[in-house]
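Containing PDB, C-alpha atoms: my_file_30.pdb.
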```pdb
ATOM      1  CA  MET S   1      -5.560  32.739  -7.155
ATOM      2  CA  ALA S   2      -8.603  31.972  -5.024
ATOM      3  CA  ASP S   3     -10.315  30.499  -8.094
ATOM      4  CA  LYS S   4      -7.318  28.282  -8.760
ATOM      5  CA  THR S   5      -7.325  27.022  -5.152
ATOM      6  CA  GLN S   6     -11.042  26.331  -5.346
ATOM      7  CA  LEU S   7     -10.574  24.501  -8.642
ATOM      8  CA  ALA S   8      -7.685  22.377  -7.318
ATOM      9  CA  ARG S   9      -9.692  21.530  -4.214
ATOM     10  CA  GLN S  10     -12.613  20.373  -6.308
ATOM     11  CA  PHE S  11     -10.261  18.460  -8.602
ATOM     12  CA  ILE S  12      -8.670  16.537  -5.716
ATOM     13  CA  GLU S  13     -12.021  15.849  -4.115
ATOM     14  CA  ALA S  14     -13.330  14.600  -7.475
ATOM     15  CA  ILE S  15     -10.792  11.739  -7.389
ATOM     16  CA  PRO S  16     -12.890   8.732  -6.294
ATOM     17  CA  HIS S  17     -10.063   6.913  -4.484
ATOM     18  CA  SER S  18      -9.001  10.029  -2.557
ATOM     19  CA  ARG S  19     -12.606  10.720  -1.616
ATOM     20  CA  ALA S  20     -13.056   7.087  -0.477
ATOM     21  CA  LEU S  21     -10.105   7.583   1.874
ATOM     22  CA  GLY S  22     -11.598  10.832   3.230
ATOM     23  CA  MET S  23      -8.791  13.118   1.991
ATOM     24  CA  GLU S  24      -9.213  16.868   2.127
ATOM     25  CA  LEU S  25      -6.939  19.392   0.446
ATOM     26  CA  THR S  26      -6.292  22.306   2.793
ATOM     27  CA  GLU S  27      -3.552  24.317   1.037
ATOM     28  CA  ILE S  28      -2.226  24.491  -2.510
ATOM     29  CA  GLY S  29      -0.056  26.777  -4.631
ATOM     30  CA  GLU S  30       3.448  27.409  -6.006
ATOM     31  CA  GLY S  31       4.347  23.718  -6.137
ATOM     32  CA  ARG S  32       3.266  22.984  -2.575
ATOM     33  CA  ALA S  33       0.196  21.076  -1.366
ATOM     34  CA  VAL S  34      -1.190  20.049   2.029
ATOM     35  CA  ILE S  35      -3.735  17.228   2.334
ATOM     36  CA  VAL S  36      -5.251  15.810   5.514
ATOM     37  CA  MET S  37      -6.734  12.326   6.019
ATOM     38  CA  PRO S  38      -8.814  11.660   9.163
ATOM     39  CA  TYR S  39      -8.500   8.358  11.017
ATOM     40  CA  ASP S  40     -10.949   5.671   9.944
ATOM     41  CA  LYS S  41     -11.280   2.068  11.185
ATOM     42  CA  LYS S  42     -11.593   0.753   7.606
ATOM     43  CA  LEU S  43      -8.010   1.932   6.939
ATOM     44  CA  ILE S  44      -6.508  -0.206   9.729
ATOM     45  CA  GLY S  45      -3.527  -2.313   8.683
ATOM     46  CA  ASP S  46      -2.487  -3.718  12.062
ATOM     47  CA  PRO S  47      -5.506  -5.113  13.919
ATOM     48  CA  ASP S  48      -3.541  -5.411  17.211
ATOM     49  CA  THR S  49      -2.662  -1.740  17.468
ATOM     50  CA  GLY S  50      -5.255  -0.060  15.212
ATOM     51  CA  VAL S  51      -2.460   1.604  13.222
ATOM     52  CA  ILE S  52      -3.431   2.719   9.696
ATOM     53  CA  HIS S  53      -2.134   0.591   6.795
ATOM     54  CA  GLY S  54       0.984   1.811   5.014
ATOM     55  CA  GLY S  55      -0.950   1.581   1.753
ATOM     56  CA  ALA S  56      -3.388   4.276   2.885
ATOM     57  CA  VAL S  57      -0.427   6.510   3.758
ATOM     58  CA  SER S  58       1.017   5.740   0.296
ATOM     59  CA  ALA S  59      -2.236   6.825  -1.360
ATOM     60  CA  LEU S  60      -2.202  10.062   0.664
ATOM     61  CA  MET S  61       1.449  10.720  -0.270
ATOM     62  CA  ASP S  62       0.805   9.989  -3.956
ATOM     63  CA  THR S  63      -2.232  12.284  -4.138
ATOM     64  CA  CYS S  64      -0.430  15.090  -2.325
ATOM     65  CA  CYS S  65       2.698  14.821  -4.524
ATOM     66  CA  GLY S  66       0.540  14.879  -7.670
ATOM     67  CA  ALA S  67      -1.299  17.971  -6.378
ATOM     68  CA  ALA S  68       2.033  19.714  -5.695
ATOM     69  CA  VAL S  69       3.143  19.031  -9.288
ATOM     70  CA  MET S  70      -0.132  20.373 -10.688
ATOM     71  CA  SER S  71       0.211  23.567  -8.642
ATOM     72  CA  HIS S  72       3.773  24.285  -9.848
ATOM     73  CA  PRO S  73       4.161  27.680 -11.607
ATOM     74  CA  SER S  74       5.149  25.865 -14.837
ATOM     75  CA  ALA S  75       1.450  24.859 -14.939
ATOM     76  CA  PRO S  76       1.497  21.290 -16.261
ATOM     77  CA  SER S  77      -1.812  20.153 -17.752
ATOM     78  CA  SER S  78      -1.523  16.678 -16.292
ATOM     79  CA  THR S  79       0.853  14.398 -14.360
ATOM     80  CA  ALA S  80       1.388  10.731 -13.487
ATOM     81  CA  THR S  81       3.653   8.992 -10.976
ATOM     82  CA  ILE S  82       6.854   7.506 -12.427
ATOM     83  CA  ASP S  83       8.154   6.259  -9.090
ATOM     84  CA  LEU S  84       7.510   6.906  -5.430
ATOM     85  CA  ARG S  85       9.565   5.784  -2.458
ATOM     86  CA  ILE S  86       8.086   5.908   1.021
ATOM     87  CA  ASP S  87      10.034   5.574   4.272
ATOM     88  CA  TYR S  88       7.954   4.648   7.297
ATOM     89  CA  MET S  89       9.440   6.145  10.479
ATOM     90  CA  ARG S  90       6.724   5.030  12.889
ATOM     91  CA  GLY S  91       3.100   3.922  13.015
ATOM     92  CA  ALA S  92       0.591   6.778  12.828
ATOM     93  CA  THR S  93      -1.108   7.226  16.226
ATOM     94  CA  PRO S  94      -4.543   5.525  16.116
ATOM     95  CA  GLY S  95      -7.430   7.993  16.168
ATOM     96  CA  GLN S  96      -5.391  10.911  14.814
ATOM     97  CA  THR S  97      -5.588  12.762  11.501
ATOM     98  CA  ILE S  98      -2.574  12.453   9.194
ATOM     99  CA  THR S  99      -1.346  15.639   7.495
ATOM    100  CA  THR S 100       0.868  15.450   4.414
ATOM    101  CA  THR S 101       2.834  18.334   2.934
ATOM    102  CA  ALA S 102       4.343  17.818  -0.528
ATOM    103  CA  THR S 103       6.814  20.112  -2.277
ATOM    104  CA  CYS S 104       7.606  19.965  -5.961
ATOM    105  CA  HIS S 105      11.210  21.209  -5.751
ATOM    106  CA  HIS S 106      12.289  20.896  -9.369
ATOM    107  CA  VAL S 107      10.587  20.616 -12.747
ATOM    108  CA  THR S 108      12.187  19.915 -16.121
ATOM    109  CA  ARG S 109      10.397  19.733 -19.465
ATOM    110  CA  ASN S 110       9.470  16.117 -18.811
ATOM    111  CA  VAL S 111       9.945  15.318 -15.147
ATOM    112  CA  ALA S 112       8.884  16.796 -11.805
ATOM    113  CA  PHE S 113      10.737  15.923  -8.592
ATOM    114  CA  VAL S 114       8.718  15.876  -5.383
ATOM    115  CA  ARG S 115       9.273  15.324  -1.657
ATOM    116  CA  ALA S 116       6.603  14.852   0.980
ATOM    117  CA  VAL S 117       6.339  14.537   4.759
ATOM    118  CA  ALA S 118       3.440  13.035   6.736
ATOM    119  CA  THR S 119       2.815  13.829  10.414
ATOM    120  CA  ASP S 120       0.068  13.079  12.944
ATOM    121  CA  GLU S 121      -1.094  15.134  15.950
ATOM    122  CA  GLN S 122       1.297  13.332  18.306
ATOM    123  CA  SER S 123       4.695  14.836  17.558
ATOM    124  CA  GLU S 124       6.963  16.611  15.096
ATOM    125  CA  THR S 125       8.662  13.333  14.162
ATOM    126  CA  PRO S 126       7.263  12.368  10.754
ATOM    127  CA  VAL S 127       5.116   9.254  10.391
ATOM    128  CA  ALA S 128       6.586   8.848   6.911
ATOM    129  CA  THR S 129       8.503  10.692   4.234
ATOM    130  CA  ALA S 130       8.296  10.243   0.458
ATOM    131  CA  SER S 131      10.367  11.072  -2.562
ATOM    132  CA  GLY S 132       9.185  10.665  -6.117
ATOM    133  CA  ALA S 133       9.437  11.518  -9.800
ATOM    134  CA  PHE S 134       6.344  12.466 -11.814
ATOM    135  CA  THR S 135       5.678  12.958 -15.525
ATOM    136  CA  VAL S 136       4.971  16.481 -16.775
ATOM    137  CA  GLU S 137       2.388  16.899 -19.538
ATOM    138  CA  MET S 138       2.346  20.402 -20.991
ATOM    139  CA  LYS S 139      -0.555  21.913 -22.904
ATOM    140  CA  SER S 140       0.273  21.698 -26.592
TER     141      SER S 140
ATOM    142  CA  MET O   1      12.474 -47.342   8.777
ATOM    143  CA  SER O   2       8.857 -46.436   8.294
ATOM    144  CA  ARG O   3       7.705 -42.954   7.467
ATOM    145  CA  PRO O   4       4.394 -41.628   8.749
ATOM    146  CA  ARG O   5       1.462 -41.915   6.395
ATOM    147  CA  PRO O   6       0.808 -38.661   4.517
ATOM    148  CA  GLU O   7      -2.103 -36.615   5.827
ATOM    149  CA  PRO O   8      -5.361 -36.839   3.835
ATOM    150  CA  VAL O   9      -5.494 -34.144   1.156
ATOM    151  CA  GLN O  10      -8.606 -32.502   2.631
ATOM    152  CA  VAL O  11      -6.877 -32.047   5.985
ATOM    153  CA  ILE O  12      -3.901 -30.314   4.366
ATOM    154  CA  LYS O  13      -6.058 -28.093   2.159
ATOM    155  CA  GLN O  14      -8.391 -27.165   4.974
ATOM    156  CA  ARG O  15      -5.492 -26.160   7.239
ATOM    157  CA  ARG O  16      -3.680 -24.076   4.603
ATOM    158  CA  ASP O  17      -6.822 -22.363   3.322
ATOM    159  CA  ALA O  18      -7.929 -21.568   6.873
ATOM    160  CA  ALA O  19      -4.505 -20.133   7.731
ATOM    161  CA  LEU O  20      -4.573 -17.920   4.629
ATOM    162  CA  ALA O  21      -8.143 -16.775   5.241
ATOM    163  CA  ALA O  22      -7.366 -15.904   8.882
ATOM    164  CA  LEU O  23      -4.321 -13.910   7.795
ATOM    165  CA  VAL O  24      -6.145 -11.947   5.081
ATOM    166  CA  GLU O  25      -9.331 -11.328   7.073
ATOM    167  CA  SER O  26      -7.415  -9.913  10.029
ATOM    168  CA  VAL O  27      -6.538  -6.715   8.099
ATOM    169  CA  PRO O  28      -9.515  -4.333   7.579
ATOM    170  CA  TYR O  29      -7.751  -2.346   4.826
ATOM    171  CA  ILE O  30      -7.488  -5.469   2.617
ATOM    172  CA  GLY O  31     -11.280  -5.762   2.692
ATOM    173  CA  PHE O  32     -11.699  -2.042   2.030
ATOM    174  CA  LEU O  33      -9.614  -2.308  -1.164
ATOM    175  CA  GLY O  34     -11.351  -5.525  -2.251
ATOM    176  CA  ILE O  35      -8.207  -7.663  -2.426
ATOM    177  CA  THR O  36      -8.404 -11.476  -2.336
ATOM    178  CA  PHE O  37      -5.721 -14.184  -2.396
ATOM    179  CA  GLU O  38      -5.528 -17.494  -4.254
ATOM    180  CA  ARG O  39      -3.232 -20.334  -3.225
ATOM    181  CA  ARG O  40      -1.470 -23.087  -5.193
ATOM    182  CA  GLY O  41       0.578 -25.048  -2.648
ATOM    183  CA  ASP O  42       2.537 -22.254  -0.997
ATOM    184  CA  GLU O  43       2.352 -19.908  -4.006
ATOM    185  CA  LEU O  44       0.056 -16.904  -3.563
ATOM    186  CA  THR O  45      -1.532 -14.656  -6.188
ATOM    187  CA  SER O  46      -3.532 -11.620  -5.136
ATOM    188  CA  THR O  47      -6.363  -9.946  -7.049
ATOM    189  CA  MET O  48      -7.535  -6.355  -6.598
ATOM    190  CA  HIS O  49     -11.104  -6.537  -7.921
ATOM    191  CA  PHE O  50     -11.916  -3.346  -9.795
ATOM    192  CA  HIS O  51     -14.440  -0.932  -8.338
ATOM    193  CA  ASN O  52     -15.035   2.790  -8.866
ATOM    194  CA  ASN O  53     -13.472   3.817  -5.559
ATOM    195  CA  LEU O  54     -10.065   2.792  -6.961
ATOM    196  CA  ILE O  55     -10.141   5.451  -9.701
ATOM    197  CA  GLY O  56      -7.465   8.134  -9.469
ATOM    198  CA  ASN O  57      -7.914   9.779 -12.867
ATOM    199  CA  PRO O  58     -11.580   9.941 -13.867
ATOM    200  CA  MET O  59     -10.713  11.331 -17.340
ATOM    201  CA  LEU O  60      -8.690   8.351 -18.622
ATOM    202  CA  PRO O  61      -9.956   6.550 -16.447
ATOM    203  CA  ALA O  62      -7.080   4.962 -14.498
ATOM    204  CA  ILE O  63      -6.555   3.301 -11.122
ATOM    205  CA  HIS O  64      -5.090   5.621  -8.453
ATOM    206  CA  GLY O  65      -1.329   5.255  -7.965
ATOM    207  CA  GLY O  66      -1.976   5.076  -4.242
ATOM    208  CA  ALA O  67      -4.381   2.157  -4.693
ATOM    209  CA  THR O  68      -1.751   0.396  -6.804
ATOM    210  CA  ALA O  69       0.911   1.069  -4.130
ATOM    211  CA  ALA O  70      -1.399  -0.253  -1.423
ATOM    212  CA  PHE O  71      -2.184  -3.369  -3.497
ATOM    213  CA  LEU O  72       1.547  -4.074  -3.938
ATOM    214  CA  GLU O  73       2.250  -3.466  -0.253
ATOM    215  CA  VAL O  74      -0.623  -5.681   0.907
ATOM    216  CA  THR O  75       0.595  -8.456  -1.408
ATOM    217  CA  SER O  76       4.165  -8.088  -0.081
ATOM    218  CA  VAL O  77       3.265  -8.138   3.614
ATOM    219  CA  ILE O  78       0.799 -11.027   3.333
ATOM    220  CA  THR O  79       3.188 -13.111   1.214
ATOM    221  CA  LEU O  80       6.075 -12.405   3.589
ATOM    222  CA  GLN O  81       3.989 -13.351   6.645
ATOM    223  CA  TRP O  82       2.635 -16.425   4.815
ATOM    224  CA  PHE O  83       6.134 -17.836   4.251
ATOM    225  CA  HIS O  84       7.165 -16.811   7.759
ATOM    226  CA  LEU O  85       4.228 -18.674   9.367
ATOM    227  CA  TRP O  86       4.119 -21.656   6.994
ATOM    228  CA  PRO O  87       6.501 -23.929   8.994
ATOM    229  CA  GLN O  88       4.632 -23.022  12.194
ATOM    230  CA  PHE O  89       1.102 -23.935  11.073
ATOM    231  CA  GLU O  90       2.332 -26.934   9.053
ATOM    232  CA  SER O  91       4.065 -28.380  12.138
ATOM    233  CA  GLY O  92       1.103 -27.608  14.382
ATOM    234  CA  ASP O  93       3.082 -25.153  16.553
ATOM    235  CA  LEU O  94       0.622 -22.515  15.432
ATOM    236  CA  ASP O  95      -3.003 -23.571  15.738
ATOM    237  CA  VAL O  96      -5.086 -22.525  12.754
ATOM    238  CA  GLU O  97      -8.305 -22.387  14.792
ATOM    239  CA  THR O  98      -6.661 -19.997  17.238
ATOM    240  CA  MET O  99      -5.622 -17.852  14.270
ATOM    241  CA  ALA O 100      -9.168 -17.908  12.897
ATOM    242  CA  ALA O 101     -10.460 -16.824  16.316
ATOM    243  CA  GLY O 102      -8.428 -13.646  15.926
ATOM    244  CA  GLN O 103      -5.232 -14.584  17.793
ATOM    245  CA  MET O 104      -2.862 -13.571  14.995
ATOM    246  CA  PRO O 105       0.931 -13.417  15.201
ATOM    247  CA  ARG O 106       2.156  -9.841  14.698
ATOM    248  CA  LEU O 107       2.702  -8.688  11.104
ATOM    249  CA  PRO O 108       6.039  -7.513   9.654
ATOM    250  CA  LYS O 109       6.358  -3.708   9.609
ATOM    251  CA  THR O 110       7.189  -1.827   6.419
ATOM    252  CA  ILE O 111      10.489   0.059   6.652
ATOM    253  CA  ASP O 112      10.409   1.435   3.123
ATOM    254  CA  PHE O 113       8.541   0.741  -0.101
ATOM    255  CA  THR O 114       9.478   1.903  -3.615
ATOM    256  CA  VAL O 115       6.912   1.670  -6.384
ATOM    257  CA  ASP O 116       7.775   1.757 -10.052
ATOM    258  CA  TYR O 117       4.770   2.747 -12.217
ATOM    259  CA  LEU O 118       5.191   1.223 -15.670
ATOM    260  CA  ARG O 119       1.776   1.749 -17.289
ATOM    261  CA  SER O 120      -1.475   3.290 -16.183
ATOM    262  CA  GLY O 121      -3.719   0.867 -14.322
ATOM    263  CA  LEU O 122      -6.801   0.233 -16.451
ATOM    264  CA  PRO O 123     -10.301  -0.004 -14.966
ATOM    265  CA  ARG O 124     -10.248  -3.791 -14.575
ATOM    266  CA  ASP O 125      -8.962  -6.447 -12.141
ATOM    267  CA  SER O 126      -5.266  -6.433 -11.214
ATOM    268  CA  TYR O 127      -3.112  -9.377 -10.173
ATOM    269  CA  ALA O 128       0.139  -9.518  -8.203
ATOM    270  CA  ARG O 129       2.743 -11.941  -6.952
ATOM    271  CA  ALA O 130       5.475 -11.204  -4.436
ATOM    272  CA  THR O 131       8.880 -12.872  -4.087
ATOM    273  CA  VAL O 132      10.659 -12.919  -0.751
ATOM    274  CA  ASN O 133      14.273 -12.425  -1.853
ATOM    275  CA  ARG O 134      15.692 -12.425   1.643
ATOM    276  CA  SER O 135      14.084 -13.073   4.984
ATOM    277  CA  GLY O 136      16.386 -12.903   7.992
ATOM    278  CA  ARG O 137      15.646 -12.782  11.694
ATOM    279  CA  ARG O 138      15.255  -9.008  11.683
ATOM    280  CA  TYR O 139      14.924  -7.774   8.111
ATOM    281  CA  ALA O 140      13.314  -8.955   4.895
ATOM    282  CA  SER O 141      13.502  -7.764   1.293
ATOM    283  CA  VAL O 142      10.506  -8.412  -0.973
ATOM    284  CA  HIS O 143       9.888  -7.776  -4.664
ATOM    285  CA  VAL O 144       6.366  -7.644  -6.068
ATOM    286  CA  ALA O 145       5.044  -7.434  -9.626
ATOM    287  CA  ALA O 146       1.514  -6.582 -10.804
ATOM    288  CA  TRP O 147      -0.238  -7.080 -14.129
ATOM    289  CA  GLN O 148      -3.697  -6.872 -15.649
ATOM    290  CA  ASP O 149      -4.303  -8.479 -19.049
ATOM    291  CA  HIS O 150      -0.870  -9.900 -19.822
ATOM    292  CA  LYS O 151       1.349 -11.496 -17.215
ATOM    293  CA  ASP O 152       4.496 -10.326 -19.011
ATOM    294  CA  LYS O 153       3.317  -6.716 -19.322
ATOM    295  CA  LEU O 154       3.612  -5.463 -15.766
ATOM    296  CA  PHE O 155       1.825  -2.220 -14.942
ATOM    297  CA  ALA O 156       3.663  -1.741 -11.658
ATOM    298  CA  GLN O 157       6.388  -3.324  -9.568
ATOM    299  CA  ALA O 158       7.874  -2.540  -6.178
ATOM    300  CA  THR O 159      10.615  -3.442  -3.731
ATOM    301  CA  GLY O 160      10.125  -3.143  -0.010
ATOM    302  CA  HIS O 161      12.090  -3.729   3.168
ATOM    303  CA  PHE O 162      10.354  -5.040   6.255
ATOM    304  CA  LEU O 163      11.099  -5.430   9.948
ATOM    305  CA  MET O 164      10.169  -8.937  11.085
ATOM    306  CA  PRO O 165       8.136  -9.259  14.296
ATOM    307  CA  GLN O 166      10.622  -9.593  17.131
ATOM    308  CA  GLU O 167      10.161 -12.237  19.796
ATOM    309  CA  ARG O 168       9.662 -10.579  23.147
ATOM    310  CA  PRO O 169      12.651 -11.150  25.489
ATOM    311  CA  SER O 170      10.441 -13.091  27.947
ATOM    312  CA  GLU O 171       9.703 -15.607  25.210
ATOM    313  CA  GLY O 172      13.392 -16.442  25.091
TER     314      GLY O 172
END
```
For this file, produce the structure as structure tokens.
Amino acid sequence: MADKTQLARQFIEAIPHSRALGMELTEIGEGRAVIVMPYDKKLIGDPDTGVIHGGAVSALMDTCCGAAVMSHPSAPSSTATIDLRIDYMRGATPGQTITTTATCHHVTRNVAFVRAVATDEQSETPVATASGAFTVEMKS
Amino acid sequence: MSRPRPEPVQVIKQRRDAALAALVESVPYIGFLGITFERRGDELTSTMHFHNNLIGNPMLPAIHGGATAAFLEVTSVITLQWFHLWPQFESGDLDVETMAAGQMPRLPKTIDFTVDYLRSGLPRDSYARATVNRSGRRYASVHVAAWQDHKDKLFAQATGHFLMPQERPSEG
């Protein structure tokens, strides 16, 4: 299991866009993944407040959901996003790391269903939540 | 009955281009992703210039779904704000030089955003156009479509809802 975690961590960190955004996978397994993204000025979407752009949160959500699918016990060989909906509850507190937890709660032969929650260090109230459907590619 | 003489074309172009540039340059994340905007009258088209940091699947390779989502969201917010501010900078109520100096009106806030991934994003430039389907005093609904080689073969589309910047009570 430790090998698998190590492998998944390397896999996520080998994604150029995720690396550019400073994402780090902290937990993975059994269809659940946790990824953190530290605050960075280049990710600012609202210059007045310094709040991170929704797009950066979307990228974090998408990566984390994909990782959750890959870690599902059905062991898909690959996955791609079919659709992803993000609800933004509040702006992430400037200067704080965002933590996303994604859960792949159901997998069929072709589709994986995933939910994710993003929080900052400020409070329990989520910054954003996501819900998506992903393709499931099985080894043939 | 005499109507005022139309403004010289350079004056109009300069004002509109400056307003657009001020809007786009005010958001650091737009620069980070390498997104630019082109204008024809009031119509905007955005381009996400390909670079390696956009890759999400190094094996294919394909653009990261998150980069695509961000591109669509950036295009939606900028287009929405563009149409929202247009009457203000055209009438002179909003001074373009003040905007360029960094005094920007507040941006709409995303309430929700749903992305539909239709094809994998290939390692090349992407283009997008957003349509503001409804823009009220409080809420707006925007649709956005993105393509690469063929305009009629979209690789992603999205719908988003936005909260318009509210006038502070003291402003009336």
Find the residues of region 3-95 of chain S that sit at most 8 Å from region 103-125 of chain S; for each, write down the nearest two atoms and how far apart they are in Å, to one decimal. Count all atoms listed in the file. Sort by chain, then by number going up, and give it as CSV.
```
residue,atom,partner,partner_atom,distance
S:Gly31,CA,S:Cys104,CA,5.0
S:Arg32,CA,S:Thr103,CA,4.6
S:Ala33,CA,S:Thr103,CA,6.7
S:Met61,CA,S:Ala116,CA,6.7
S:Cys64,CA,S:Ala116,CA,7.8
S:Cys65,CA,S:Val114,CA,6.2
S:Ala68,CA,S:Cys104,CA,5.6
S:Val69,CA,S:Cys104,CA,5.6
S:His72,CA,S:Cys104,CA,7.0
S:Ser74,CA,S:Val107,CA,7.8
S:Ala92,CA,S:Asp120,CA,6.3
S:Thr93,CA,S:Asp120,CA,6.8
```
| query | Smallest atom-to-atom distance to chain O: which of S:Ala67, S:Met37, S:Ile28, S:Ala20, using all atoms listed in the file? | reply | S:Ala20
Please report as a Markdown table every residue of chain S lying within 6 Å of chain O, along with the nearest atom pair and their distance in Å (one decimal), using all atoms listed in the file.
```
| residue | atom | partner | partner_atom | distance |
| --- | --- | --- | --- | --- |
| S:Ile15 | CA | O:Gly56 | CA | 5.3 |
| S:Pro16 | CA | O:Asn53 | CA | 5.0 |
| S:His17 | CA | O:Asn53 | CA | 4.7 |
| S:Lys42 | CA | O:Pro28 | CA | 5.5 |
| S:Leu43 | CA | O:Tyr29 | CA | 4.8 |
| S:Ile44 | CA | O:Tyr29 | CA | 5.5 |
| S:Gly45 | CA | O:Val27 | CA | 5.4 |
| S:Gly55 | CA | O:Ala70 | CA | 3.7 |
| S:Ser58 | CA | O:Gly66 | CA | 5.5 |
| S:Ala59 | CA | O:Gly66 | CA | 3.4 |
| S:Asp62 | CA | O:Gly66 | CA | 5.7 |
| S:Ile82 | CA | O:Tyr117 | CA | 5.2 |
| S:Asp83 | CA | O:Asp116 | CA | 4.6 |
| S:Leu84 | CA | O:Val115 | CA | 5.4 |
| S:Arg85 | CA | O:Thr114 | CA | 4.1 |
| S:Ile86 | CA | O:Phe113 | CA | 5.3 |
| S:Asp87 | CA | O:Asp112 | CA | 4.3 |
| S:Tyr88 | CA | O:Ile111 | CA | 5.3 |
```
| field | Selection result for the PyMOL selection byres ((chain S and resi 51) around 10) on this file, as a PyMOL selection string | value | chain S and resi 39-41+43-50+52-54+90-96
May I have the residues from that selection written out with C-alpha atoms, as an mmCIF file, keeping the file's coordinate frame?
```
data_model
loop_
_atom_site.group_PDB
_atom_site.id
_atom_site.type_symbol
_atom_site.label_atom_id
_atom_site.label_comp_id
_atom_site.auth_asym_id
_atom_site.auth_seq_id
_atom_site.Cartn_x
_atom_site.Cartn_y
_atom_site.Cartn_z
ATOM 1 C CA TYR S 39 -8.500 8.358 11.017
ATOM 2 C CA ASP S 40 -10.949 5.671 9.944
ATOM 3 C CA LYS S 41 -11.280 2.068 11.185
ATOM 4 C CA LEU S 43 -8.010 1.932 6.939
ATOM 5 C CA ILE S 44 -6.508 -0.206 9.729
ATOM 6 C CA GLY S 45 -3.527 -2.313 8.683
ATOM 7 C CA ASP S 46 -2.487 -3.718 12.062
ATOM 8 C CA PRO S 47 -5.506 -5.113 13.919
ATOM 9 C CA ASP S 48 -3.541 -5.411 17.211
ATOM 10 C CA THR S 49 -2.662 -1.740 17.468
ATOM 11 C CA GLY S 50 -5.255 -0.060 15.212
ATOM 12 C CA ILE S 52 -3.431 2.719 9.696
ATOM 13 C CA HIS S 53 -2.134 0.591 6.795
ATOM 14 C CA GLY S 54 0.984 1.811 5.014
ATOM 15 C CA ARG S 90 6.724 5.030 12.889
ATOM 16 C CA GLY S 91 3.100 3.922 13.015
ATOM 17 C CA ALA S 92 0.591 6.778 12.828
ATOM 18 C CA THR S 93 -1.108 7.226 16.226
ATOM 19 C CA PRO S 94 -4.543 5.525 16.116
ATOM 20 C CA GLY S 95 -7.430 7.993 16.168
ATOM 21 C CA GLN S 96 -5.391 10.911 14.814
#
```
| Distance CA of Ser78 (chain S)-CA of Val136 (chain S), one decimal place? |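 For CA of Ser78 (chain S) relative to CA of Val136 (chain S), the distance reads 6.5 Å.
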| said: Running the PyMOL selection byres ((chain O and resi 127) around 12) on this model by hand, what would come out? Give it as a PyMOL selection string. | reply: chain O and resi 35-38+44-50+68+71-72+74-75+121+124-126+128-130+144-157
